[in-house]
file target32.tsv (TSV, C-alpha atoms and all ligand atoms)
chain	number	residue	atom	x	y	z
T	1	MET	CA	43.75	-12.00	17.55
T	2	SER	CA	43.99	-14.69	20.19
T	3	LYS	CA	41.12	-17.05	21.07
T	4	SER	CA	41.31	-15.84	24.68
T	5	ASP	CA	40.93	-12.16	23.83
T	6	LYS	CA	37.93	-10.51	25.45
T	7	ILE	CA	35.06	-9.89	23.01
T	8	TYR	CA	31.90	-7.92	23.83
T	9	VAL	CA	28.87	-8.79	21.69
T	10	ALA	CA	26.23	-6.06	22.08
T	11	GLY	CA	22.71	-7.34	21.33
T	12	HIS	CA	23.50	-11.02	22.08
T	13	ARG	CA	19.83	-11.88	22.60
T	14	GLY	CA	18.86	-10.62	19.15
T	15	MET	CA	18.69	-12.72	15.99
T	16	VAL	CA	22.10	-11.58	14.70
T	17	GLY	CA	23.90	-11.08	18.02
T	18	SER	CA	22.97	-14.59	19.21
T	19	SER	CA	24.25	-16.05	15.94
T	20	ILE	CA	27.54	-14.08	16.24
T	21	VAL	CA	28.00	-15.53	19.75
T	22	ARG	CA	27.39	-19.08	18.39
T	23	GLU	CA	29.85	-18.48	15.53
T	24	LEU	CA	32.56	-17.13	17.87
T	25	GLU	CA	32.07	-20.06	20.26
T	26	ASN	CA	32.23	-22.53	17.34
T	27	GLN	CA	35.50	-20.92	16.26
T	28	GLY	CA	36.92	-21.44	19.75
T	29	TYR	CA	36.69	-17.92	21.22
T	30	LYS	CA	36.38	-18.42	24.96
T	31	ASN	CA	36.15	-14.99	26.51
T	32	ILE	CA	32.87	-13.51	25.25
T	33	ILE	CA	31.14	-10.95	27.44
T	34	ILE	CA	27.46	-10.12	27.20
T	35	ARG	CA	24.85	-8.00	28.99
T	36	THR	CA	21.08	-8.07	28.62
T	37	HIS	CA	19.16	-4.89	27.83
T	38	SER	CA	17.91	-4.70	31.43
T	39	GLU	CA	21.46	-5.07	32.81
T	40	LEU	CA	22.90	-2.43	30.47
T	41	ASP	CA	20.80	0.11	28.57
T	42	LEU	CA	23.00	1.11	25.65
T	43	THR	CA	21.13	4.41	25.21
T	44	ASN	CA	22.49	5.41	28.63
T	45	GLN	CA	25.90	7.06	28.16
T	46	LYS	CA	27.01	6.73	31.79
T	47	GLN	CA	26.16	3.02	32.01
T	48	VAL	CA	27.93	2.25	28.73
T	49	GLN	CA	31.04	4.22	29.68
T	50	GLU	CA	31.25	2.51	33.09
T	51	PHE	CA	30.74	-0.95	31.63
T	52	LEU	CA	33.35	-0.64	28.86
T	53	SER	CA	35.95	1.08	31.01
T	54	GLN	CA	35.61	-1.69	33.60
T	55	GLU	CA	35.64	-4.59	31.14
T	56	LYS	CA	38.11	-3.16	28.57
T	57	PRO	CA	37.34	-5.72	25.84
T	58	ASN	CA	39.75	-6.22	22.95
T	59	GLU	CA	36.94	-6.28	20.39
T	60	VAL	CA	33.31	-5.15	20.16
T	61	TYR	CA	30.58	-6.47	17.84
T	62	LEU	CA	27.81	-3.85	17.77
T	63	ALA	CA	24.69	-5.88	16.88
T	64	ALA	CA	22.32	-4.09	19.28
T	65	ALA	CA	19.79	-1.79	17.65
T	66	LYS	CA	16.13	-0.87	17.59
T	67	VAL	CA	14.96	-2.97	14.63
T	68	GLY	CA	11.56	-3.38	12.97
T	69	GLY	CA	9.57	-3.70	9.76
T	70	ILE	CA	7.87	-0.96	7.69
T	71	PHE	CA	4.92	-0.56	10.06
T	72	ALA	CA	7.07	-0.08	13.17
T	73	ASN	CA	9.46	2.30	11.36
T	74	ASP	CA	6.56	4.35	10.08
T	75	THR	CA	4.76	4.47	13.44
T	76	TYR	CA	7.73	5.10	15.76
T	77	PRO	CA	10.24	7.19	13.72
T	78	ALA	CA	11.42	9.12	16.77
T	79	ASP	CA	12.26	5.92	18.67
T	80	PHE	CA	14.11	4.51	15.67
T	81	ILE	CA	16.34	7.53	15.07
T	82	TYR	CA	16.91	8.46	18.73
T	83	GLN	CA	17.65	5.01	20.13
T	84	ASN	CA	19.90	3.95	17.28
T	85	LEU	CA	21.90	7.19	17.32
T	86	MET	CA	22.35	6.92	21.08
T	87	ILE	CA	23.37	3.25	21.03
T	88	GLU	CA	25.97	3.85	18.29
T	89	ALA	CA	27.38	7.09	19.70
T	90	ASN	CA	27.60	5.68	23.23
T	91	VAL	CA	29.16	2.35	22.31
T	92	ILE	CA	31.62	3.69	19.73
T	93	HIS	CA	32.77	6.65	21.85
T	94	ALA	CA	33.02	4.62	25.07
T	95	ALA	CA	34.88	1.86	23.18
T	96	PHE	CA	37.41	4.46	22.07
T	97	ASN	CA	37.70	5.92	25.59
T	98	SER	CA	38.29	2.42	26.97
T	99	GLY	CA	41.10	1.57	24.54
T	100	VAL	CA	39.12	-0.79	22.29
T	101	LYS	CA	41.08	-1.11	19.04
T	102	LYS	CA	38.68	-3.22	16.99
T	103	LEU	CA	34.94	-2.77	16.57
T	104	LEU	CA	32.43	-4.03	14.00
T	105	PHE	CA	29.29	-1.99	13.43
T	106	LEU	CA	26.25	-3.64	11.85
T	107	GLY	CA	24.28	-1.34	9.56
T	108	SER	CA	21.64	-2.21	7.02
T	109	SER	CA	20.97	-2.12	3.27
T	110	CYS	CA	18.38	0.64	3.88
T	111	ILE	CA	21.28	3.13	4.03
T	112	TYR	CA	21.23	3.16	0.22
T	113	PRO	CA	19.15	5.55	-1.91
T	114	LYS	CA	15.71	4.32	-2.92
T	115	LEU	CA	16.60	4.52	-6.62
T	116	ALA	CA	20.20	3.24	-6.43
T	117	ASP	CA	21.51	1.30	-9.45
T	118	GLN	CA	21.16	-2.47	-9.01
T	119	PRO	CA	23.02	-4.41	-7.75
T	120	ILE	CA	23.87	-1.75	-5.16
T	121	LYS	CA	27.56	-1.09	-4.68
T	122	GLU	CA	29.05	0.39	-1.50
T	123	ASP	CA	29.77	3.72	-3.22
T	124	ALA	CA	26.03	4.34	-3.81
T	125	LEU	CA	25.90	5.61	-0.21
T	126	LEU	CA	24.75	9.28	-0.02
T	127	SER	CA	24.19	9.48	-3.79
T	128	GLY	CA	20.40	10.04	-3.62
T	129	TYR	CA	17.21	10.23	-1.55
T	130	LEU	CA	16.38	7.47	0.94
T	131	GLU	CA	13.16	5.46	1.13
T	132	PRO	CA	10.93	7.77	3.25
T	133	THR	CA	9.33	5.05	5.42
T	134	ASN	CA	12.57	4.12	7.15
T	135	GLU	CA	14.60	7.28	6.56
T	136	PRO	CA	15.12	8.03	10.31
T	137	TYR	CA	16.47	4.50	10.92
T	138	ALA	CA	18.66	4.72	7.79
T	139	ILE	CA	20.07	8.11	8.82
T	140	ALA	CA	21.04	6.64	12.20
T	141	LYS	CA	22.73	3.71	10.46
T	142	ILE	CA	24.62	6.08	8.14
T	143	ALA	CA	25.74	8.01	11.24
T	144	GLY	CA	27.09	4.72	12.65
T	145	ILE	CA	29.28	4.19	9.57
T	146	LYS	CA	30.47	7.79	9.71
T	147	LEU	CA	31.26	7.50	13.44
T	148	CYS	CA	33.49	4.50	12.70
T	149	GLU	CA	35.18	6.30	9.80
T	150	SER	CA	35.72	9.50	11.78
T	151	TYR	CA	37.32	7.71	14.75
T	152	ASN	CA	39.56	5.84	12.27
T	153	ARG	CA	40.55	9.07	10.53
T	154	GLN	CA	41.31	10.90	13.76
T	155	TYR	CA	42.73	8.08	15.88
T	156	SER	CA	44.00	5.29	13.65
T	157	GLU	CA	47.60	6.44	13.58
T	158	SER	CA	47.81	7.80	17.12
T	159	HIS	CA	45.74	5.12	18.92
T	160	GLY	CA	45.59	2.14	16.52
T	161	VAL	CA	41.79	2.44	16.18
T	162	ASP	CA	40.31	0.11	13.54
T	163	TYR	CA	36.49	0.35	13.43
T	164	ARG	CA	34.72	-1.42	10.56
T	165	SER	CA	31.14	-1.61	9.23
T	166	VAL	CA	29.12	-4.30	7.47
T	167	MET	CA	25.80	-3.72	5.68
T	168	PRO	CA	23.61	-6.82	5.75
T	169	THR	CA	20.84	-7.42	3.26
T	170	ASN	CA	17.48	-8.73	4.62
T	171	LEU	CA	18.23	-11.42	7.17
T	172	TYR	CA	16.15	-14.35	8.43
T	173	GLY	CA	16.64	-17.37	10.66
T	174	PRO	CA	16.26	-18.65	14.22
T	175	GLY	CA	15.51	-15.92	16.76
T	176	ASP	CA	13.55	-13.73	14.33
T	177	ASN	CA	10.66	-11.55	15.46
T	178	TYR	CA	7.20	-13.02	14.69
T	179	GLN	CA	5.06	-10.24	16.20
T	180	PRO	CA	2.67	-9.22	13.37
T	181	GLU	CA	3.10	-5.46	13.93
T	182	ASN	CA	6.90	-5.59	14.05
T	183	SER	CA	8.07	-8.40	11.77
T	184	HIS	CA	9.88	-8.55	8.42
T	185	VAL	CA	8.49	-10.38	5.40
T	186	ILE	CA	9.85	-13.93	6.03
T	187	PRO	CA	8.73	-14.28	9.70
T	188	ALA	CA	5.41	-12.62	8.82
T	189	LEU	CA	4.77	-15.12	6.01
T	190	ILE	CA	5.95	-18.12	8.07
T	191	ARG	CA	3.44	-17.22	10.75
T	192	ARG	CA	0.61	-16.66	8.26
T	193	PHE	CA	1.23	-19.89	6.29
T	194	HIS	CA	1.61	-21.90	9.49
T	195	GLU	CA	-1.62	-20.56	11.00
T	196	ALA	CA	-3.45	-21.10	7.69
T	197	LYS	CA	-2.22	-24.71	7.65
T	198	ILE	CA	-3.41	-25.35	11.21
T	199	ASN	CA	-6.81	-23.71	10.50
T	200	ASN	CA	-7.22	-25.49	7.15
T	201	ASP	CA	-7.74	-22.11	5.45
T	202	GLU	CA	-8.37	-22.04	1.71
T	203	LYS	CA	-5.96	-19.21	1.01
T	204	VAL	CA	-3.27	-16.93	2.35
T	205	ILE	CA	-3.31	-13.28	1.35
T	206	VAL	CA	0.11	-11.77	0.64
T	207	TRP	CA	0.43	-7.97	0.66
T	208	GLY	CA	1.35	-6.29	-2.64
T	209	SER	CA	1.56	-7.62	-6.20
T	210	GLY	CA	4.18	-10.29	-5.41
T	211	ASN	CA	6.43	-8.80	-8.12
T	212	PRO	CA	9.06	-6.85	-6.13
T	213	LYS	CA	12.34	-8.70	-5.89
T	214	ARG	CA	14.29	-9.00	-2.65
T	215	GLU	CA	17.50	-10.60	-1.42
T	216	PHE	CA	17.63	-12.73	1.75
T	217	LEU	CA	20.55	-14.08	3.74
T	218	TYR	CA	20.43	-16.73	6.47
T	219	VAL	CA	21.55	-15.24	9.79
T	220	ASP	CA	24.34	-17.78	10.41
T	221	ASP	CA	25.91	-16.70	7.12
T	222	MET	CA	25.72	-13.10	8.36
T	223	ALA	CA	27.47	-14.11	11.57
T	224	SER	CA	30.25	-15.90	9.70
T	225	ALA	CA	30.66	-12.82	7.45
T	226	SER	CA	30.88	-10.57	10.53
T	227	VAL	CA	33.67	-12.62	12.11
T	228	HIS	CA	35.41	-12.88	8.73
T	229	VAL	CA	35.40	-9.09	8.23
T	230	MET	CA	36.49	-8.42	11.82
T	231	ASN	CA	39.43	-10.80	11.38
T	232	LEU	CA	40.71	-9.50	8.03
T	233	ASP	CA	44.14	-8.00	8.53
T	234	LYS	CA	44.16	-4.20	8.52
T	235	GLU	CA	46.24	-3.88	5.41
T	236	THR	CA	43.77	-6.03	3.42
T	237	TYR	CA	40.73	-4.17	4.82
T	238	ASP	CA	42.24	-0.78	4.06
T	239	ARG	CA	43.32	-1.82	0.56
T	240	ASN	CA	39.77	-2.92	-0.29
T	241	THR	CA	37.89	0.03	1.23
T	242	HIS	CA	38.27	3.81	1.33
T	243	GLN	CA	38.65	6.08	4.32
T	244	MET	CA	35.24	7.66	3.63
T	245	CYS	CA	33.55	4.64	2.05
T	246	SER	CA	34.71	1.96	4.45
T	247	HIS	CA	31.64	-0.28	4.78
T	248	ILE	CA	31.24	-3.73	3.22
T	249	ASN	CA	28.00	-5.20	1.83
T	250	VAL	CA	26.93	-8.65	2.97
T	251	GLY	CA	24.39	-10.39	0.78
T	252	MET	CA	23.41	-13.62	-0.92
T	253	GLY	CA	24.25	-12.26	-4.36
T	254	GLU	CA	20.87	-13.20	-5.84
T	255	ASP	CA	17.26	-12.18	-5.31
T	256	LEU	CA	13.79	-13.56	-5.97
T	257	SER	CA	10.28	-12.13	-6.20
T	258	ILE	CA	8.00	-12.02	-3.17
T	259	GLY	CA	5.66	-14.28	-5.18
T	260	GLU	CA	8.44	-16.89	-5.58
T	261	LEU	CA	9.32	-16.54	-1.91
T	262	ALA	CA	5.68	-17.13	-0.93
T	263	LYS	CA	5.52	-20.28	-3.10
T	264	THR	CA	8.74	-21.63	-1.57
T	265	LEU	CA	7.40	-21.00	1.93
T	266	ARG	CA	4.07	-22.66	1.11
T	267	LYS	CA	6.04	-25.77	0.10
T	268	VAL	CA	8.37	-25.68	3.14
T	269	ILE	CA	5.46	-25.25	5.56
T	270	GLY	CA	3.18	-27.71	3.78
T	271	PHE	CA	0.19	-25.40	3.29
T	272	ALA	CA	-2.17	-26.90	0.71
T	273	GLY	CA	-4.26	-23.79	-0.09
T	274	LYS	CA	-3.93	-20.92	-2.53
T	275	ILE	CA	-1.84	-17.75	-2.41
T	276	GLU	CA	-3.67	-14.52	-3.25
T	277	PHE	CA	-1.88	-11.20	-3.77
T	278	ASP	CA	-3.50	-8.00	-2.48
T	279	SER	CA	-2.32	-5.42	-5.02
T	280	SER	CA	-4.09	-2.61	-3.15
T	281	LYS	CA	-1.22	-2.79	-0.62
T	282	PRO	CA	2.06	-0.97	-1.42
T	283	ASP	CA	4.91	-2.82	-3.13
T	284	GLY	CA	7.88	-0.69	-2.05
T	285	SER	CA	10.97	-0.59	-4.29
T	286	PRO	CA	10.73	-2.89	-7.33
T	287	ARG	CA	14.13	-4.42	-6.61
T	288	LYS	CA	16.79	-4.33	-3.91
T	289	LEU	CA	19.86	-6.42	-4.54
T	290	MET	CA	23.25	-5.63	-3.08
T	291	ASP	CA	26.55	-6.06	-4.81
T	292	SER	CA	28.60	-8.18	-2.41
T	293	SER	CA	31.54	-8.70	-4.74
T	294	ARG	CA	33.87	-6.70	-2.46
T	295	LEU	CA	33.32	-9.23	0.34
T	296	ASN	CA	33.38	-12.22	-2.03
T	297	SER	CA	36.78	-11.10	-3.32
T	298	LEU	CA	37.95	-11.02	0.31
T	299	GLY	CA	37.30	-14.75	0.65
T	300	TRP	CA	33.75	-15.00	2.05
T	301	SER	CA	30.65	-16.42	0.40
T	302	PRO	CA	27.30	-17.60	1.80
T	303	ARG	CA	26.82	-21.30	2.50
T	304	ILE	CA	23.10	-21.75	3.17
T	305	GLU	CA	20.83	-21.56	0.13
T	306	LEU	CA	17.36	-20.10	0.59
T	307	GLU	CA	15.17	-23.23	0.73
T	308	ARG	CA	17.49	-24.93	3.23
T	309	GLY	CA	17.55	-21.73	5.33
T	310	LEU	CA	13.74	-21.53	5.29
T	311	ILE	CA	13.45	-25.16	6.42
T	312	LEU	CA	15.83	-24.47	9.35
T	313	THR	CA	13.92	-21.29	10.21
T	314	TYR	CA	10.52	-23.04	10.16
T	315	GLU	CA	11.92	-25.81	12.41
T	316	SER	CA	13.11	-23.21	14.91
T	317	TYR	CA	9.70	-21.44	14.75
T	318	LEU	CA	7.95	-24.74	15.59
T	319	LYS	CA	10.34	-25.27	18.53
T	320	GLU	CA	9.54	-21.76	19.82
T	321	LEU	CA	5.80	-22.46	19.57
T	322	LYS	CA	6.27	-25.70	21.51
T	323	LYS	CA	8.23	-23.89	24.24
T	324	LEU	CA	5.49	-21.26	24.53
T	325	LYS	CA	2.81	-23.96	24.77
T	326	ASN	CA	4.73	-25.82	27.50
T	327	LYS	CA	4.98	-22.60	29.51
T	328	GLN	CA	1.21	-22.02	29.44
N	401	LIG	N1	17.02	-8.50	10.87
N	401	LIG	C1	17.36	-8.05	9.68
N	401	LIG	O1	16.78	-8.42	8.65
N	401	LIG	C2	18.51	-7.10	9.54
N	401	LIG	C3	18.84	-6.67	8.25
N	401	LIG	C4	19.87	-5.78	8.11
N	401	LIG	C5	20.57	-5.33	9.22
N	401	LIG	N2	20.24	-5.76	10.45
N	401	LIG	C6	21.02	-5.22	11.57
N	401	LIG	O2	21.56	-6.25	12.38
N	401	LIG	C7	21.59	-5.82	13.74
N	401	LIG	C8	20.88	-6.82	14.62
N	401	LIG	O3	19.54	-6.99	14.17
N	401	LIG	P1	18.60	-8.17	14.70
N	401	LIG	O4	17.74	-8.57	13.59
N	401	LIG	O5	19.42	-9.17	15.44
N	401	LIG	O6	17.70	-7.35	15.73
N	401	LIG	P2	16.99	-7.88	17.07
N	401	LIG	O7	16.71	-9.34	16.95
N	401	LIG	O8	15.86	-6.96	17.33
N	401	LIG	O9	18.12	-7.70	18.17
N	401	LIG	C9	18.53	-6.43	18.60
N	401	LIG	C10	19.08	-6.59	20.00
N	401	LIG	O10	19.47	-5.28	20.48
N	401	LIG	C11	19.04	-5.15	21.82
N	401	LIG	N3	18.81	-3.76	22.17
N	401	LIG	C12	17.98	-2.87	21.56
N	401	LIG	N4	18.03	-1.69	22.20
N	401	LIG	C13	18.90	-1.83	23.23
N	401	LIG	C14	19.36	-0.98	24.25
N	401	LIG	N5	18.93	0.29	24.35
N	401	LIG	N6	20.23	-1.47	25.16
N	401	LIG	C15	20.65	-2.75	25.09
N	401	LIG	N7	20.27	-3.61	24.14
N	401	LIG	C16	19.39	-3.16	23.22
N	401	LIG	C17	17.73	-5.92	21.85
N	401	LIG	O11	17.42	-6.25	23.19
N	401	LIG	P3	15.88	-6.28	23.66
N	401	LIG	O12	15.16	-7.16	22.67
N	401	LIG	O13	15.95	-6.82	25.03
N	401	LIG	O14	15.41	-4.85	23.55
N	401	LIG	C18	18.07	-7.14	20.99
N	401	LIG	O15	18.69	-8.14	21.76
N	401	LIG	C19	20.95	-4.44	13.78
N	401	LIG	O16	21.94	-3.45	13.75
N	401	LIG	C20	20.16	-4.38	12.50
N	401	LIG	O17	20.05	-3.07	12.02
N	401	LIG	C21	19.22	-6.64	10.66
call {"tool": "encode", "arguments": {"input": "target32.tsv", "output": "structure tokens"}}
result
Amino acid sequence: MSKSDKIYVAGHRGMVGSSIVRELENQGYKNIIIRTHSELDLTNQKQVQEFLSQEKPNEVYLAAAKVGGIFANDTYPADFIYQNLMIEANVIHAAFNSGVKKLLFLGSSCIYPKLADQPIKEDALLSGYLEPTNEPYAIAKIAGIKLCESYNRQYSESHGVDYRSVMPTNLYGPGDNYQPENSHVIPALIRRFHEAKINNDEKVIVWGSGNPKREFLYVDDMASASVHVMNLDKETYDRNTHQMCSHINVGMGEDLSIGELAKTLRKVIGFAGKIEFDSSKPDGSPRKLMDSSRLNSLGWSPRIELERGLILTYESYLKELKKLKNKQ
């Protein structure tokens, strides 16, 4: 892979896509192509085919997706399954038609069964029932992995196709979504603690018992893992995966309870009040920790520990608020 090869990053305005672009630029890649959603709708087969056959990139990072928290997944299941299936099928098939040899698909840890053994290994995929709230999204993500595997199986020898998948744990960092109806737990809590601090509130209410344990990875670590996996030589990738279990987990390797996360955020944000847990709200799975030992043995490990990552994320949130204020 040469630093002047053409690389298309799909979803470059998103939290992960923007971080992948920064990582590639930092590593000296000079020929990165991007398109906004309004310039190129990835659910539109014709547009995607025309774009990729014109540009003929050497590599594709597929970080575009319809993404959201529990509420959005539960309210808009049709949008989540339809848009994600279309984006993956269009990009992967058009990449193949346009001669793209290397592609990295970003999935999610929700592909794993609700009751998978912890920490969750890659081979837990399709071994049990999924969490019902985001099943449509998870099914689309599983289809993305299987698309990559099927193109590899059919076209690896004849066309040199090498399409890989990574499964990130919960991610956070600059560029996250802070809209209350659509956000994940860290941006939702950052917003609530920050607003409580400004309003001098006595307490912040956190949904659930605070006991479930979750794993979180800073987005720049995810980006470095993505480039690392894309750049592993084929022999190494193939030796460490299987034709029909080819995805690689990307996680921090440790988890903490939502209660501990809330306390850390209270400290980072400087909120002086109390934290109250609302146990009438659902907890979700008791624990969700991925086994990332496959990736660790391939020479990658995370660099940004949680508290440092939360400080960086809060700083970027404050900058965003400032920008919004200046616009008004
Ligand atoms: N965030 C997490 O915690 C997390 C965890 C595990 C896995 N992942 C995976 O990582 C990937 C990136 O997630 P993210 O957090 O960066 O999401 P994000 O911030 O919502 O970014 C997704 C990007 O995809 C673009 N997009 C969506 N639909 C499109 C379409 N039809 N045509 C063109 N562009 C479209 C969005 O553009 P617009 O905003 O303009 O629509 C946005 O720039 C996804 O595959 C996700 O499943 C994320």
call {"tool": "residues_near_ligand", "arguments": {"input": "target32.tsv", "ligand": "ligand LIG 401 (chain N)", "cutoff": "8 Å", "atoms": "all atoms listed in the file", "output": "NGL selection string"}}
result
:T and (10-18 or 35-38 or 40-44 or 62-68 or 83-84 or 87 or 105-110 or 141 or 167-172 or 175-177 or 184)
call {"tool": "closest_residue", "arguments": {"input": "target32.tsv", "among": "T:Asp221, T:Glu157, T:Glu276, T:Glu315", "to": "Glu23 of chain T", "atoms": "all atoms listed in the file"}}
result
T:Asp221
call {"tool": "residues_near_point", "arguments": {"input": "target32.tsv", "point": "(32.6, -13.1, -4.3)", "cutoff": "12 Å", "atoms": "all atoms listed in the file", "output": "list of chain:residue names"}}
result
T:Ala225, T:Asn249, T:Val250, T:Gly251, T:Met252, T:Gly253, T:Glu254, T:Asp291, T:Ser292, T:Ser293, T:Arg294, T:Leu295, T:Asn296, T:Ser297, T:Leu298, T:Gly299, T:Trp300, T:Ser301, T:Pro302
call {"tool": "atom_distance", "arguments": {"input": "target32.tsv", "atom1": "atom CA of Asn31 of chain T", "atom2": "atom CA of Ile7 of chain T"}}
result
6.3 Å
call {"tool": "atom_distance", "arguments": {"input": "target32.tsv", "atom1": "atom CA of Tyr8 of chain T", "atom2": "atom CA of Arg22 of chain T"}}
result
13.2 Å
call {"tool": "closest_residue", "arguments": {"input": "target32.tsv", "among": "T:Gln54, T:Asn73, T:Lys114, T:Phe271", "to": "His194 of chain T", "atoms": "all atoms listed in the file"}}
result
T:Phe271
call {"tool": "closest_residue", "arguments": {"input": "target32.tsv", "among": "T:Asp117, T:Glu122, T:Glu149, T:Asp162", "to": "Gly99 of chain T", "atoms": "all atoms listed in the file"}}
result
T:Asp162
call {"tool": "closest_residue", "arguments": {"input": "target32.tsv", "among": "T:Asn26, T:Asn211, T:Asn90, T:Thr75", "to": "Phe277 of chain T", "atoms": "all atoms listed in the file"}}
result
T:Asn211
call {"tool": "residues_near_point", "arguments": {"input": "target32.tsv", "point": "(13.3, 8.7, 11.9)", "cutoff": "6 Å", "atoms": "all atoms listed in the file", "output": "count of residues only"}}
result
7
call {"tool": "closest_residue", "arguments": {"input": "target32.tsv", "among": "T:Ala196, T:Glu181, T:Pro174, T:Pro286", "to": "Lys213 of chain T", "atoms": "only C-alpha atoms"}}
result
T:Pro286
call {"tool": "atom_distance", "arguments": {"input": "target32.tsv", "atom1": "atom CA of Gly273 of chain T", "atom2": "atom CA of Leu312 of chain T"}}
result
22.2 Å
call {"tool": "residues_around", "arguments": {"input": "target32.tsv", "residues": "Pro119 of chain T", "least_positions_apart": "6", "cutoff": "8 Å", "atoms": "all atoms listed in the file", "output": "compact mmCIF listing (two decimals) with C-alpha atoms, in the coordinates of the input"}}
result
# COMPACT_ATOMS: atom_id res chain seq x y z
CA LYS T 288 16.79 -4.33 -3.91
CA LEU T 289 19.86 -6.42 -4.54
CA MET T 290 23.25 -5.63 -3.08
CA ASP T 291 26.55 -6.06 -4.81
call {"tool": "residues_around", "arguments": {"input": "target32.tsv", "residues": "Cys245 of chain T", "least_positions_apart": "6", "cutoff": "12 Å", "atoms": "all atoms listed in the file", "output": "JSON, numbers by chain"}}
result
{"T": [121, 122, 123, 124, 125, 126, 142, 145, 146, 147, 148, 149, 150, 152, 153, 164, 165, 166, 167, 237, 238, 239]}
call {"tool": "decode", "arguments": {"input": "target32.tsv", "residues": "segment 186-202 of chain T", "atoms": "N, CA and C atoms", "output": "JSON list (two decimals), in the first residue's frame"}}
result
[["chain", "number", "residue", "atom", "x", "y", "z"],
["T", 186, "ILE", "N", -22.64, 7.87, 26.77],
["T", 186, "ILE", "CA", -21.65, 8.89, 27.17],
["T", 186, "ILE", "C", -22.07, 10.30, 26.72],
["T", 187, "PRO", "N", -22.42, 10.52, 25.43],
["T", 187, "PRO", "CA", -22.86, 11.89, 25.08],
["T", 187, "PRO", "C", -24.11, 12.32, 25.85],
["T", 188, "ALA", "N", -25.02, 11.36, 26.11],
["T", 188, "ALA", "CA", -26.24, 11.72, 26.85],
["T", 188, "ALA", "C", -25.88, 12.20, 28.26],
["T", 189, "LEU", "N", -24.95, 11.48, 28.92],
["T", 189, "LEU", "CA", -24.58, 11.87, 30.29],
["T", 189, "LEU", "C", -23.76, 13.16, 30.30],
["T", 190, "ILE", "N", -22.89, 13.34, 29.30],
["T", 190, "ILE", "CA", -22.10, 14.58, 29.24],
["T", 190, "ILE", "C", -23.06, 15.77, 29.18],
["T", 191, "ARG", "N", -24.04, 15.66, 28.32],
["T", 191, "ARG", "CA", -24.98, 16.76, 28.16],
["T", 191, "ARG", "C", -25.75, 17.02, 29.47],
["T", 192, "ARG", "N", -26.21, 15.92, 30.09],
["T", 192, "ARG", "CA", -27.01, 16.09, 31.32],
["T", 192, "ARG", "C", -26.18, 16.68, 32.46],
["T", 193, "PHE", "N", -24.95, 16.16, 32.65],
["T", 193, "PHE", "CA", -24.10, 16.69, 33.73],
["T", 193, "PHE", "C", -23.72, 18.15, 33.45],
["T", 194, "HIS", "N", -23.43, 18.45, 32.20],
["T", 194, "HIS", "CA", -23.03, 19.82, 31.86],
["T", 194, "HIS", "C", -24.20, 20.78, 32.13],
["T", 195, "GLU", "N", -25.39, 20.40, 31.68],
["T", 195, "GLU", "CA", -26.55, 21.30, 31.88],
["T", 195, "GLU", "C", -26.86, 21.44, 33.36],
["T", 196, "ALA", "N", -26.71, 20.34, 34.12],
["T", 196, "ALA", "CA", -26.97, 20.39, 35.56],
["T", 196, "ALA", "C", -25.96, 21.32, 36.25],
["T", 197, "LYS", "N", -24.71, 21.29, 35.75],
["T", 197, "LYS", "CA", -23.69, 22.17, 36.34],
["T", 197, "LYS", "C", -24.05, 23.63, 36.09],
["T", 198, "ILE", "N", -24.41, 23.94, 34.84],
["T", 198, "ILE", "CA", -24.75, 25.33, 34.48],
["T", 198, "ILE", "C", -25.97, 25.81, 35.28],
["T", 199, "ASN", "N", -26.95, 24.92, 35.47],
["T", 199, "ASN", "CA", -28.20, 25.30, 36.16],
["T", 199, "ASN", "C", -28.10, 25.17, 37.68],
["T", 200, "ASN", "N", -26.92, 24.79, 38.17],
["T", 200, "ASN", "CA", -26.76, 24.56, 39.62],
["T", 200, "ASN", "C", -27.78, 23.56, 40.18],
["T", 201, "ASP", "N", -28.10, 22.53, 39.41],
["T", 201, "ASP", "CA", -29.07, 21.53, 39.89],
["T", 201, "ASP", "C", -28.48, 20.74, 41.08],
["T", 202, "GLU", "N", -29.40, 20.20, 41.88],
["T", 202, "GLU", "CA", -28.94, 19.42, 43.05],
["T", 202, "GLU", "C", -28.54, 18.02, 42.66]]
